[in-house]
file final_14.tsv (TSV, C-alpha atoms)
chain	number	residue	atom	x	y	z
A	1	MET	CA	0.00	0.00	0.00
A	2	LYS	CA	2.83	2.37	0.93
A	3	LYS	CA	4.50	1.70	-2.43
A	4	ILE	CA	1.31	2.55	-4.29
A	5	ILE	CA	0.91	5.83	-2.38
A	6	ASP	CA	4.59	6.67	-2.96
A	7	PHE	CA	4.14	5.97	-6.65
A	8	ILE	CA	1.12	8.28	-6.86
A	9	LEU	CA	2.84	11.05	-4.90
A	10	GLN	CA	6.18	10.72	-6.69
A	11	PRO	CA	5.52	13.46	-9.30
A	12	PHE	CA	4.47	15.93	-6.59
A	13	ASN	CA	7.51	15.09	-4.43
A	14	PHE	CA	9.77	15.48	-7.46
A	15	PHE	CA	8.49	18.96	-8.27
A	16	SER	CA	8.22	20.16	-4.67
A	17	GLY	CA	11.86	19.30	-3.95
A	18	LYS	CA	13.24	21.32	-6.87
A	19	LYS	CA	12.17	24.78	-5.67
A	20	LEU	CA	10.79	25.37	-9.13
A	21	ALA	CA	8.80	28.46	-8.18
A	22	GLU	CA	11.91	30.23	-6.84
A	23	LYS	CA	13.97	29.28	-9.88
A	24	ALA	CA	11.18	30.22	-12.29
A	25	SER	CA	10.58	33.66	-10.76
A	26	VAL	CA	14.29	34.49	-10.76
A	27	PHE	CA	14.68	33.09	-14.29
A	28	VAL	CA	11.89	35.35	-15.50
A	29	ALA	CA	13.53	38.31	-13.75
A	30	LYS	CA	16.76	37.49	-15.58
A	31	TYR	CA	15.19	36.92	-19.00
A	32	GLN	CA	12.33	39.40	-19.11
A	33	PHE	CA	11.51	38.68	-22.76
A	34	ILE	CA	9.86	35.43	-21.60
A	35	ILE	CA	6.98	37.52	-20.23
A	36	TYR	CA	6.36	38.90	-23.74
A	37	ILE	CA	6.33	35.38	-25.20
A	38	ILE	CA	3.97	34.02	-22.52
A	39	ALA	CA	1.68	37.06	-22.86
A	40	PHE	CA	1.64	36.66	-26.64
A	41	PHE	CA	0.65	32.99	-26.54
A	42	VAL	CA	-1.99	33.53	-23.86
A	43	THR	CA	-3.47	36.44	-25.87
A	44	VAL	CA	-3.55	34.41	-29.09
A	45	SER	CA	-5.14	31.47	-27.23
A	46	LEU	CA	-7.84	33.69	-25.70
A	47	LEU	CA	-8.63	35.33	-29.04
A	48	PHE	CA	-8.70	31.96	-30.75
A	49	LEU	CA	-11.06	30.53	-28.15
A	50	HIS	CA	-13.33	33.57	-28.33
A	51	TYR	CA	-13.50	34.20	-32.09
A	52	VAL	CA	-12.84	30.81	-33.68
A	53	TYR	CA	-14.27	28.33	-31.14
A	54	PRO	CA	-16.65	30.41	-29.00
A	55	ASN	CA	-18.60	27.34	-27.91
A	56	LEU	CA	-15.66	25.24	-26.72
B	57	MET	CA	-14.77	40.77	-41.66
B	58	ILE	CA	-13.37	37.65	-39.94
B	59	TYR	CA	-15.77	35.13	-38.43
B	60	GLY	CA	-18.45	37.81	-38.57
B	61	TYR	CA	-16.36	40.38	-36.62
B	62	GLN	CA	-14.84	43.62	-37.96
B	63	ILE	CA	-11.05	43.42	-38.26
B	64	TRP	CA	-10.33	46.69	-36.45
B	65	LYS	CA	-12.40	45.51	-33.48
B	66	ILE	CA	-10.41	42.28	-33.30
B	67	ILE	CA	-7.12	44.23	-33.42
B	68	VAL	CA	-8.19	46.63	-30.66
B	69	ASP	CA	-9.53	43.70	-28.65
B	70	ALA	CA	-6.23	41.83	-29.12
B	71	TYR	CA	-4.25	44.87	-27.97
B	72	PHE	CA	-6.33	45.33	-24.80
B	73	ILE	CA	-6.10	41.63	-23.97
B	74	TRP	CA	-2.35	41.64	-24.55
B	75	VAL	CA	-1.85	44.60	-22.21
B	76	ILE	CA	-3.91	42.95	-19.46
B	77	VAL	CA	-2.29	39.53	-19.91
B	78	PHE	CA	1.19	41.06	-20.00
B	79	ALA	CA	0.62	43.01	-16.78
B	80	LEU	CA	-0.89	39.94	-15.06
B	81	THR	CA	1.93	37.65	-16.22
B	82	LYS	CA	4.59	40.07	-15.06
B	83	PHE	CA	2.83	40.47	-11.74
B	84	LEU	CA	2.33	36.73	-11.11
B	85	LEU	CA	5.87	35.76	-12.10
B	86	SER	CA	7.54	38.48	-10.06
B	87	ASN	CA	7.24	36.67	-6.74
B	88	LYS	CA	7.87	33.02	-6.00
B	89	ARG	CA	5.05	32.67	-3.46
B	90	LEU	CA	2.59	34.27	-5.84
B	91	PHE	CA	3.90	32.02	-8.57
B	92	SER	CA	3.48	28.86	-6.43
B	93	ILE	CA	-0.09	29.72	-5.53
B	94	THR	CA	-0.88	30.60	-9.15
B	95	ILE	CA	0.36	27.16	-10.26
B	96	ILE	CA	-1.91	25.48	-7.68
B	97	PHE	CA	-4.85	27.61	-8.84
B	98	LEU	CA	-4.15	26.82	-12.50
B	99	PHE	CA	-4.11	23.15	-11.55
B	100	ILE	CA	-7.56	23.53	-9.93
B	101	TYR	CA	-8.83	25.37	-13.04
B	102	PHE	CA	-7.48	22.53	-15.16
B	103	LEU	CA	-9.28	19.95	-12.98
B	104	ALA	CA	-12.48	22.01	-13.20
B	105	PHE	CA	-12.17	22.07	-16.99
B	106	ILE	CA	-11.69	18.27	-17.11
B	107	ALA	CA	-14.63	17.74	-14.72
B	108	ASN	CA	-16.83	19.98	-16.87
B	109	TYR	CA	-15.69	18.38	-20.10
B	110	LEU	CA	-16.37	14.86	-18.81
B	111	ASP	CA	-19.52	16.04	-17.00
B	112	LEU	CA	-18.50	14.51	-13.65
B	113	GLY	CA	-21.48	15.08	-11.33
B	114	VAL	CA	-20.08	16.03	-7.89
B	115	SER	CA	-16.54	17.19	-8.72
B	116	LYS	CA	-17.88	19.37	-11.57
B	117	GLY	CA	-19.99	21.45	-9.19
B	118	LEU	CA	-17.38	21.57	-6.45
B	119	LEU	CA	-14.45	22.48	-8.71
B	120	THR	CA	-16.45	25.06	-10.66
B	121	TYR	CA	-17.47	26.68	-7.36
B	122	LEU	CA	-13.82	26.68	-6.22
B	123	ALA	CA	-12.62	28.09	-9.55
B	124	GLU	CA	-15.11	30.96	-9.38
B	125	TRP	CA	-13.87	32.02	-5.93
B	126	MET	CA	-10.19	31.58	-6.73
B	127	PRO	CA	-9.37	35.19	-7.72
B	128	ILE	CA	-10.85	36.52	-4.46
B	129	VAL	CA	-9.02	33.89	-2.41
B	130	LEU	CA	-5.79	34.79	-4.23
B	131	ILE	CA	-6.21	38.48	-3.40
B	132	ILE	CA	-6.95	37.75	0.28
B	133	ILE	CA	-4.05	35.30	0.73
B	134	MET	CA	-1.53	37.39	-1.12
B	135	ALA	CA	-2.63	40.87	0.02
B	136	PRO	CA	0.70	41.81	1.69
B	137	ASP	CA	2.73	40.57	-1.29
B	138	ILE	CA	0.47	42.34	-3.77
B	139	ARG	CA	0.83	45.61	-1.85
B	140	ARG	CA	4.61	45.24	-1.67
B	141	ILE	CA	4.95	44.42	-5.38
B	142	LEU	CA	2.80	47.38	-6.39
B	143	GLU	CA	4.82	49.67	-4.12
B	144	SER	CA	8.14	48.39	-5.47
B	145	ALA	CA	7.12	48.41	-9.16
B	146	TRP	CA	8.30	51.95	-9.84
B	147	LYS	CA	11.40	51.48	-7.68
B	148	ALA	CA	12.45	48.47	-9.80
B	149	ASP	CA	12.14	50.54	-12.98
B	150	ARG	CA	14.19	53.33	-11.45
B	151	ARG	CA	16.85	50.87	-10.36
B	152	ALA	CA	17.21	49.43	-13.87
B	153	ASP	CA	17.83	52.93	-15.24
B	154	GLN	CA	20.19	54.08	-12.51
B	155	LEU	CA	22.29	51.01	-11.80
B	156	ILE	CA	25.38	52.05	-9.85
B	157	MET	CA	28.07	49.52	-9.11
B	158	GLY	CA	30.51	49.89	-6.25
B	159	SER	CA	33.33	52.42	-6.20
B	160	GLU	CA	37.07	51.68	-6.14
B	161	LYS	CA	37.02	51.95	-2.36
B	162	THR	CA	34.28	49.32	-2.16
B	163	LYS	CA	36.19	46.98	-4.45
B	164	GLN	CA	39.33	47.45	-2.37
B	165	SER	CA	37.43	46.77	0.85
B	166	ILE	CA	35.92	43.59	-0.59
B	167	VAL	CA	39.31	42.32	-1.79
B	168	ASP	CA	41.04	43.18	1.51
B	169	ALA	CA	38.33	41.49	3.55
B	170	THR	CA	38.34	38.40	1.33
B	171	ILE	CA	42.11	37.96	1.56
B	172	GLU	CA	42.01	38.50	5.31
B	173	LEU	CA	39.23	35.92	5.68
B	174	ALA	CA	41.21	33.47	3.54
B	175	ASN	CA	44.40	34.00	5.59
B	176	GLN	CA	42.52	33.40	8.83
B	177	LYS	CA	40.55	30.47	7.31
B	178	ILE	CA	37.23	32.06	8.12
B	179	GLY	CA	34.35	31.09	5.85
B	180	GLY	CA	32.74	33.90	3.88
B	181	LEU	CA	30.08	34.41	1.24
B	182	ILE	CA	29.85	37.82	-0.42
B	183	THR	CA	27.31	38.34	-3.19
B	184	ILE	CA	27.46	41.44	-5.36
B	185	GLU	CA	24.18	42.40	-6.99
B	186	LYS	CA	23.97	43.61	-10.57
B	187	HIS	CA	20.81	43.98	-12.70
B	188	ASN	CA	18.72	41.20	-11.15
B	189	THR	CA	17.39	42.31	-7.81
B	190	LEU	CA	18.18	40.14	-4.78
B	191	ASP	CA	15.42	41.73	-2.70
B	192	GLN	CA	13.59	38.44	-2.18
B	193	TYR	CA	16.68	37.06	-0.41
B	194	ALA	CA	17.38	40.27	1.48
B	195	GLU	CA	13.84	40.32	2.85
B	196	ARG	CA	14.50	37.09	4.74
B	197	ALA	CA	17.93	38.19	5.93
B	198	ILE	CA	19.14	40.80	8.41
B	199	MET	CA	18.96	44.21	6.75
B	200	MET	CA	22.01	46.41	7.23
B	201	ASN	CA	22.24	49.20	4.62
B	202	SER	CA	25.80	50.00	5.75
B	203	ILE	CA	28.75	51.35	3.83
B	204	VAL	CA	31.08	48.54	2.74
B	205	SER	CA	34.28	48.33	4.74
B	206	LYS	CA	36.87	45.66	5.35
B	207	GLU	CA	36.35	45.80	9.11
B	208	LEU	CA	32.59	45.40	8.86
B	209	LEU	CA	32.87	42.43	6.50
B	210	LEU	CA	35.38	40.76	8.81
B	211	ASN	CA	33.15	41.39	11.77
B	212	ILE	CA	30.12	39.88	10.02
B	213	PHE	CA	31.92	36.64	9.19
B	214	THR	CA	33.62	36.21	12.56
B	215	PRO	CA	32.65	32.71	13.77
B	216	LEU	CA	29.99	32.38	16.47
B	217	THR	CA	28.60	35.86	15.85
B	218	PRO	CA	24.89	36.11	14.99
B	219	LEU	CA	25.45	37.15	11.35
B	220	HIS	CA	28.36	34.92	10.36
B	221	ASP	CA	26.20	32.18	8.82
B	222	GLY	CA	24.82	32.96	5.37
B	223	ALA	CA	25.73	35.50	2.72
B	224	VAL	CA	26.31	39.22	2.66
B	225	ILE	CA	24.61	40.99	-0.24
B	226	ILE	CA	26.33	44.09	-1.59
B	227	ARG	CA	24.40	46.64	-3.61
B	228	GLY	CA	26.47	49.50	-4.97
B	229	ASP	CA	28.60	50.79	-2.11
B	230	SER	CA	26.37	49.34	0.62
B	231	ILE	CA	26.04	46.08	2.44
B	232	LEU	CA	22.34	45.52	1.87
B	233	CYS	CA	21.99	42.62	4.30
B	234	ALA	CA	23.78	39.79	6.08
B	235	ALA	CA	22.82	36.19	6.87
B	236	ALA	CA	21.04	35.72	3.55
B	237	TYR	CA	20.26	32.20	2.38
B	238	PHE	CA	20.24	31.11	-1.26
B	239	VAL	CA	19.02	28.10	-3.18
B	240	LEU	CA	21.80	25.50	-3.26
B	241	SER	CA	23.06	24.46	-6.66
B	242	ASP	CA	22.37	20.89	-7.67
B	243	ASN	CA	24.61	21.05	-10.72
B	244	SER	CA	26.49	17.80	-10.30
B	245	GLU	CA	28.72	18.46	-13.35
B	246	HIS	CA	30.59	21.26	-11.62
B	247	LEU	CA	30.44	20.02	-8.07
B	248	THR	CA	32.32	17.22	-6.44
B	249	LYS	CA	31.05	15.70	-3.22
B	250	THR	CA	33.73	17.53	-1.25
B	251	ILE	CA	32.28	20.95	-2.09
B	252	GLY	CA	30.30	22.28	0.83
B	253	SER	CA	27.04	24.15	1.14
B	254	ARG	CA	28.72	27.58	1.03
B	255	HIS	CA	30.07	26.90	-2.47
B	256	ARG	CA	26.77	25.35	-3.52
B	257	ALA	CA	24.90	28.44	-2.30
B	258	GLY	CA	27.28	30.74	-4.18
B	259	LEU	CA	26.95	28.70	-7.34
B	260	GLY	CA	23.19	28.42	-6.88
B	261	ILE	CA	22.63	32.18	-6.83
B	262	SER	CA	24.98	32.68	-9.79
B	263	GLU	CA	22.94	30.18	-11.84
B	264	ILE	CA	19.69	32.08	-11.44
B	265	THR	CA	20.83	35.73	-11.31
B	266	ASP	CA	23.55	37.87	-12.91
B	267	SER	CA	25.24	38.46	-9.54
B	268	MET	CA	28.81	37.57	-8.65
B	269	THR	CA	29.62	35.73	-5.42
B	270	ILE	CA	32.95	35.49	-3.64
B	271	ILE	CA	33.30	32.35	-1.56
B	272	VAL	CA	35.99	31.80	1.08
B	273	SER	CA	36.38	28.24	2.28
B	274	GLU	CA	36.81	27.84	6.02
B	275	GLU	CA	38.43	24.40	5.56
B	276	THR	CA	41.17	25.37	3.13
B	277	GLY	CA	41.10	29.18	3.13
B	278	SER	CA	40.79	29.12	-0.66
B	279	VAL	CA	38.92	31.84	-2.53
B	280	SER	CA	36.50	31.13	-5.35
B	281	ILE	CA	34.08	33.21	-7.33
B	282	ALA	CA	30.76	32.05	-8.75
B	283	ILE	CA	29.46	33.85	-11.80
B	284	GLU	CA	27.02	32.79	-14.53
B	285	GLY	CA	26.82	29.31	-12.99
B	286	ILE	CA	30.57	28.75	-13.09
B	287	LEU	CA	32.85	28.32	-10.09
B	288	LEU	CA	36.37	29.72	-10.51
B	289	LYS	CA	39.24	29.34	-8.09
B	290	ILE	CA	41.15	32.56	-7.45
B	291	ASN	CA	44.84	32.29	-6.61
B	292	ASP	CA	45.77	35.83	-5.62
B	293	ARG	CA	44.35	39.26	-4.82
B	294	ASP	CA	45.29	40.72	-8.21
B	295	LYS	CA	43.19	38.12	-9.98
B	296	LEU	CA	40.29	38.81	-7.62
B	297	MET	CA	40.58	42.55	-8.23
B	298	GLU	CA	40.67	41.89	-11.97
B	299	TYR	CA	37.40	39.94	-11.84
B	300	LEU	CA	35.81	42.58	-9.59
B	301	ASN	CA	36.85	45.32	-12.00
B	302	MET	CA	35.36	43.41	-14.92
B	303	PHE	CA	32.14	42.70	-13.05
B	304	MET	CA	31.65	46.08	-11.39
B	305	LYS	CA	32.40	48.33	-14.33
call {"tool": "encode", "arguments": {"input": "final_14.tsv", "output": "structure tokens"}}
result
Amino acid sequence: MKKIIDFILQPFNFFSGKKLAEKASVFVAKYQFIIYIIAFFVTVSLLFLHYVYPNL
Amino acid sequence: MIYGYQIWKIIVDAYFIWVIVFALTKFLLSNKRLFSITIIFLFIYFLAFIANYLDLGVSKGLLTYLAEWMPIVLIIIMAPDIRRILESAWKADRRADQLIMGSEKTKQSIVDATIELANQKIGGLITIEKHNTLDQYAERAIMMNSIVSKELLLNIFTPLTPLHDGAVIIRGDSILCAAAYFVLSDNSEHLTKTIGSRHRAGLGISEITDSMTIIVSEETGSVSIAIEGILLKINDRDKLMEYLNMFMK
């Protein structure tokens, strides 16, 4: 039973141990152009969902 | 006309959305706690979408209800951080325009203190800030805002004193804070098992920011610098001064 629970929780343990949030926020501070790229893709996705597939 | 909409309306709409999304993205990625909570919220939104898509009776209602209240919960939980980020937004812009690195006297003080620490085999970790702000580390450390001097640096790193553990962060000609803690590097390519946590901390901060860190080993008295994710051993004070001059110009 313990092995099954460990197996299920493994992905969460993997990500929680890497301090990804800290690294990501500092990485974005270092390479600010990433914000433009993310904003661009989110904007395009929102427009696409609204104008092309409004009923999705 | 595209899909029954006027083109100019779509362009204006796209511009407004881009401005809002850009501001939100910048805001959410500026702080690691905010970022962590956002990821959890996005995960809940994703689950709500799946539950809606598959029409799962109970979880659909529950997750949709949670998703609707998420923005308010986010504002309540993160109120202090949101206030601080908004207050510091204009300061960050000013800092980027008016970046001032340390003077010759500061460089000399850093070199003198480092060599003295190495001679006495006292461990030291001195991080010099450049463009990327180290505020999020300074906030959890002991704030100092003192003029850099050899004597002060030596005093900070003197063993068994309250501030000796952790790093000193230098901004311009000031010691911003002492006893700061960084994320340890897990880059196994550059690190042997004999390298301690002080070197790992120095390397860790150099991997994620454009700062430079001087590390003095308390075991061997050797001096290293960590910059751009690389650890370099420094043999003499001239070499150290050379690197400082290159970094702080």
call {"tool": "closest_residue", "arguments": {"input": "final_14.tsv", "among": "B:Ile166, B:Ile251, B:Ile184, B:Ile261", "to": "chain A", "atoms": "only C-alpha atoms"}}
result
B:Ile261
call {"tool": "atom_distance", "arguments": {"input": "final_14.tsv", "atom1": "CA of Leu110 (chain B)", "atom2": "CA of Phe48 (chain A)"}}
result
22.2 Å
call {"tool": "residues_around", "arguments": {"input": "final_14.tsv", "residues": "Leu119 (chain B)", "least_positions_apart": "2", "cutoff": "9 Å", "atoms": "all atoms listed in the file", "output": "PyMOL selection string"}}
result
chain B and resi 100-101+103-105+107-108+114-117+121-124
call {"tool": "closest_residue", "arguments": {"input": "final_14.tsv", "among": "B:Ala282, B:Ala174, B:Ile212, B:Val129", "to": "Glu263 (chain B)", "atoms": "all atoms listed in the file"}}
result
B:Ala282
call {"tool": "atom_distance", "arguments": {"input": "final_14.tsv", "atom1": "CA of Tyr299 (chain B)", "atom2": "CA of Asp229 (chain B)"}}
result
17.0 Å
call {"tool": "interface_residues", "arguments": {"input": "final_14.tsv", "of": "chain A", "to": "chain B", "cutoff": "9 Å", "atoms": "all atoms listed in the file", "output": "number ranges by chain"}}
result
A: 19-30, 32, 35-36, 38-40, 42-44, 46-47, 51-52
call {"tool": "atom_distance", "arguments": {"input": "final_14.tsv", "atom1": "CA of Gln62 (chain B)", "atom2": "CA of Phe41 (chain A)"}}
result
22.0 Å
call {"tool": "residues_around", "arguments": {"input": "final_14.tsv", "residues": "Arg293 (chain B)", "least_positions_apart": "6", "cutoff": "9 Å", "atoms": "all atoms listed in the file", "output": "MDAnalysis selection string"}}
result
chainID B and resid 167:168 170:171
call {"tool": "residues_around", "arguments": {"input": "final_14.tsv", "residues": "Lys305 (chain B)", "least_positions_apart": "3", "cutoff": "12 Å", "atoms": "only C-alpha atoms", "output": "PyMOL selection string"}}
result
chain B and resi 155-160+163+186+228+297-302
call {"tool": "residues_near_point", "arguments": {"input": "final_14.tsv", "point": "(35.2, 30.4, -8.9)", "cutoff": "6 Å", "atoms": "all atoms listed in the file", "output": "list in words"}}
result
Ser280, Ile281, Ala282, Leu287, Leu288 and Lys289 of chain B
call {"tool": "axis_aligned_box", "arguments": {"input": "final_14.tsv", "around": "region 29-45 of chain A", "padding_each_side": "3 Å", "output": "JSON"}}
result
{"center_x": 5.8, "center_y": 35.4, "center_z": -21.4, "size_x": 27.9, "size_y": 13.9, "size_z": 21.3}
call {"tool": "residues_near_point", "arguments": {"input": "final_14.tsv", "point": "(46.4, 35.9, 4.4)", "cutoff": "12 Å", "atoms": "all atoms listed in the file", "output": "list in words"}}
result
Val167, Asp168, Ala169, Thr170, Ile171, Glu172, Leu173, Ala174, Asn175, Gln176, Lys177, Ile178, Val272, Thr276, Gly277, Ser278, Val279, Asn291, Asp292 and Arg293 of chain B
call {"tool": "residues_around", "arguments": {"input": "final_14.tsv", "residues": "Met199 (chain B)", "least_positions_apart": "5", "cutoff": "9 Å", "atoms": "only C-alpha atoms", "output": "MDAnalysis selection string"}}
result
chainID B and resid 194 231:235
